[in-house]
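**Q** Following this message is one structure expressed as structure tokens.
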Amino acid sequence: MKKWLLCLAFNMFSFSIYAQQSGCNCAVTLEKLVKKVETEYPGFADKTKEGLPYEELKQHLTREAKTADKPGCEKILKRYTDFFKDPHLWVGSNGSPFSSGNSGPAESISFDIRGFQDKIKLTKDPLEGVWSTEGYRIGIKKMSGNEYTGFIVGAESASWKAGDIKFRLFPDGSFEYSMLDRSKKKGRYTMHKEGILFLDAVGMALVRELPAPTASATQLEEKLKELAGFYFRKLSPRTSILKLPSFEYRYLEKIDELISQNRTQIEGSENLIIDLRGNPGGTTDAYQKLLPYISGKSIRNTGAEFLATQTYIGNLEAYKKSLDKNTPTDEIDKQIDQLKKNLGHFVNFSDAGKPVYIENVEPAAKSPRQVVILADKGTGSSAEYFLFIAKQSRKVKVLGVPSYGALDYGNAYLVDFGCPGYQVFMPTYRAMRLPDYPVDNIGIQPDIYLDSSVEDWVAFAWRYIEE
């Protein structure tokens with residue numbers, strides 16, 4: 001199971017089941033997408049049990065597709081995949097999903113950059129000023145009602161010009177951010193004493209240029225690493241914190257090193273806080289070294305069934321070819337053989353073939369007495385599975401809000417479906433805990449809910465765990 005929970009991370013190897021064709025109008029593109037989903041999406045049968053709503057939508061979109069232009073076609077294709085309400089199923093191009101349709105032309109304001117800079121040199125307002133982040137210089141101006149507007153002063157991207165509004169900051173600590181396609185994303189912002197403004201949902205850290213921050217370059221660098229990266233530190237003689245912002249494969253070595261380098265301090269900590277806020281998942285291999293510190297002697301894992309399709313077989317064969325020639329492939333060969341023998345059916349790769357299997361864990365000789373895990377709406381996929389198994393331990397509490405909710409169908413691949421320029425991101429398995437324990441669009445629930453009045457989650461967790 002653990003080797004296949006690769007949710008919310010694009011697999012590097014995609015396989016085209018169809019030959020590339022030209023001349024796909026919208027009607028043909030929709031037809032091919034529908035065929036792909038109906039025959040290869042593991043959740044299709046479960047999510048179309050009430051057949052009428054699905055058939056009505058398909059007929060309606062088919063009529064619209066006959067006269068749709070390219071932008072209209074993108075919206076049609078997206079409406080089709082949105083029907084399934086699966087975070088791991090979307091249609092797009094060039095590796096990116098089509099936008100939600102609430103995008104529009106950029107809003108802009110008129111400003112005199114020299115006049116603005118002269119004015120804010122003397123400001124005492126902690127947010128007004130000129131800020132910089134990768135690819136952008138952004139001015140922040142206070143508007144009426146304690147609302148702030150962030151506008152482009154300079155941008156590397158030709159999609160943005162001076163004066164375009166990039167985000168708005170609201171008095172309650174929330175923000176609304178314009179993505180590249182002008183769709184909106186909301187989240188929470190925090191202002192740090194070093195002169196750094198952090199927008200959590202988009203992972204953007206802005207450093208103040210004007211007025212110049214009082215923090216040194218070293219202090220700024222350390223704070224930026226803390227906000228964006230992986231770290232371990234002692235909060236007190238009793239409590240430590242481990243920040244893990246991602247479980248993606250590319251960070252496996254970094255995570256292993258972080259845990260290994262701080263093993264003595266982790267084992268010597270009475271309390272451990274694991275911060276998984278904003279962690280989109282990746283692979284369950286990322287947290288295996290943590291299990292001896294948080295688990296009992298066993299973990300109840302839920303199994304998964306893979307839908308045997310030629311596309312998935314092709315992806316596995318492409319992955320096998322990419323491996324070093326000395327890498328054993330017996331397990332992959334066995335799985336490919338099982339899939340080929342069961343095309344169109346579900347396959348459980350587990351030897352037991354049961355919906356639940358027990359994983360034995362050897363507890364560490366020394367480990368924290370209490371563990372708190374921080375999770376938010378940005379905690380998804382395999383990071384959610386970590387929450388799922390961690391909550392089985394009597395010494396673990398999850399603090400925060402319900403997680404993202406993307407765990408029922410996983411191991412998603414980005415694949416072509418027969419029309420150049422279009423791709424569909426689609427899972428290959430369904431969890432065997434369904435339909436009894438759904439997680440998609442619900443999330444893993446926290447043991448202790450942190451409402452919007454809790455501004456500093458780490459401080460709250462620290463107080464909670466030491467009381």
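We name chains A, B, ... following the order of the structure tokens; residues begin at 1 in each chain, and ligands are numbered from 1 as shown.
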Applying 6 Å and only C-alpha atoms, which residues near stretch 274-282 of chain A remain after dropping the ones on its own chain fewer than 5 positions away? List them as a list in words.
**A** Leu6, Cys7, Ala9, Ile241, Leu242, Lys243, Leu244, Pro245, Ser246, Phe247, Glu248, Ile373, Leu374, Ala375, Asp376, Gly378, Thr379, Gly380, Ser381, Ser382 and Ala383 of chain A
**Q** Could you pull out the helix (DSSP H, G or I) residues of stretch 253-428 of chain A, going by DSSP on the backbone, and write them as a PyMOL selection string?
**A** chain A and resi 253-261+263-268+284-294+310-322+330-341+382-390
**Q** Which residue out of A:Gly187, A:Pro446, A:Gly163, A:Pro97 has the minimum interatomic distance to A:Val372 when only C-alpha atoms are used?
**A**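 That would be A:Pro446, the residue with the smallest distance to A:Val372.
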**Q** Pick out each residue of stretch 282-423 of chain A that DSSP on the backbone tags as strand (DSSP E or B); I need them as a ChimeraX atom specification.
**A** /A:282,298-302,304-307,346-347,356-360,370-375,396-400,409-410,413-416,423
**Q** Which residues of stretch 264-318 of chain A come within 7 Å of stretch 427-437 of chain A, and what is each one's closest atom pair and distance in Å (one decimal), counting only C-alpha atoms, sorted by chain and residue number, as CSV?
**A**
```
residue,atom,partner,partner_atom,distance
A:Thr302,CA,A:Arg433,CA,6.1
A:Gly303,CA,A:Met432,CA,5.4
A:Ala304,CA,A:Ala431,CA,4.5
A:Glu305,CA,A:Tyr429,CA,5.3
A:Phe306,CA,A:Tyr429,CA,4.1
A:Leu307,CA,A:Thr428,CA,5.9
```
**Q** Within 12 Å of A:Ala45, counting only C-alpha atoms, which residues qualify if same-chain residues fewer than 6 places away don't, as a ChimeraX atom specification?
**A** /A:37-39,51,54,84,307,345,430
**Q** Find the residues near A:Asn301: any atom within 12 Å, counting only C-alpha atoms, skip ones fewer than 4 places away on the same chain, and give them as a list in words.
**A**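 So the residues in contact are Met1, Lys2, Leu5, Thr284, Ser350, Lys354, Pro355, Val356, Tyr357, Ile358, Glu359, Asn360, Tyr385, Phe386, Leu387, Phe388, Ile389, Ala390, Gln392, Ala431, Met432 and Arg433 of chain A.
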**Q** Extract, using only C-alpha atoms, all DNA, RNA and protein residues at most 12 Å from A:Asp451, discarding same-chain residues fewer than 5 positions from it, and format them as a list of chain:residue names.
**A** A:Asp376, A:Leu399, A:Gly400, A:Val401, A:Pro402, A:Pro446, A:Asp456, A:Trp457, A:Phe460
**Q** If you keep C-alpha atoms, can you produce a file of those selected residues as a JSON list (two decimals), in the first residue's frame?
**A**
```
[["chain", "number", "residue", "atom", "x", "y", "z"],
["A", 376, "ASP", "CA", -5.11, 22.60, 7.95],
["A", 399, "LEU", "CA", -5.03, 20.13, 16.16],
["A", 400, "GLY", "CA", -6.36, 22.45, 13.49],
["A", 401, "VAL", "CA", -9.19, 22.23, 10.98],
["A", 402, "PRO", "CA", -10.41, 19.43, 8.68],
["A", 446, "PRO", "CA", -9.02, 17.26, 14.05],
["A", 456, "ASP", "CA", -0.57, 31.43, 16.36],
["A", 457, "TRP", "CA", -1.17, 27.70, 16.07],
["A", 460, "PHE", "CA", -1.42, 27.29, 21.06]]
```
**Q** Which residue out of A:Phe230, A:Cys419, A:Arg463, A:Trp90 has the minimum interatomic distance to A:Leu30 when only C-alpha atoms are used?
**A**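 Distance minimum relative to A:Leu30 lands on A:Cys419.
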**Q** For A:Leu199, find every residue with an atom within 7 Å (counting only C-alpha atoms), except residues of its own chain fewer than 4 positions away, and show them as a list in words.
**A**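 What passes the distance filter is Gly187, Arg188, Tyr189, Thr190, Gly203, Met204 and Ala205 of chain A.
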**Q** Find, counting only C-alpha atoms, the residue in A:Ala68, A:Met191, A:Leu414, A:Ile442 that gets nearest to A:Asp125.
**A**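 Ranking A:Ala68, A:Met191, A:Leu414, A:Ile442 by distance to A:Asp125, first place goes to A:Met191.
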**Q** So what do you get for atom CA of A:Leu57 versus atom CA of A:Thr81, distance-wise?
**A**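 For atom CA of A:Leu57 relative to atom CA of A:Thr81, the distance reads 10.9 Å.
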**Q** Take atom CA of A:Ser260 and atom CA of A:Arg369 and report the distance between them in Å, one decimal.
**A**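 Straight-line distance from atom CA of A:Ser260 to atom CA of A:Arg369 works out to 19.3 Å.
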**Q** For A:Gly92, which residue among A:Tyr136, A:Phe349, A:Tyr80, A:Trp160 is the nearest when counting only C-alpha atoms?
**A**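 Of A:Tyr136, A:Phe349, A:Tyr80, A:Trp160, the one nearest A:Gly92, counting only C-alpha atoms, is A:Tyr80.
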**Q** Check the smallest atom-to-atom distance from each of A:Thr283, A:Ser298, A:Asn271, A:Gln423 to A:Val396 using only C-alpha atoms, then report the winner.
**A**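 Under the stated criterion, the closest residue is A:Asn271.
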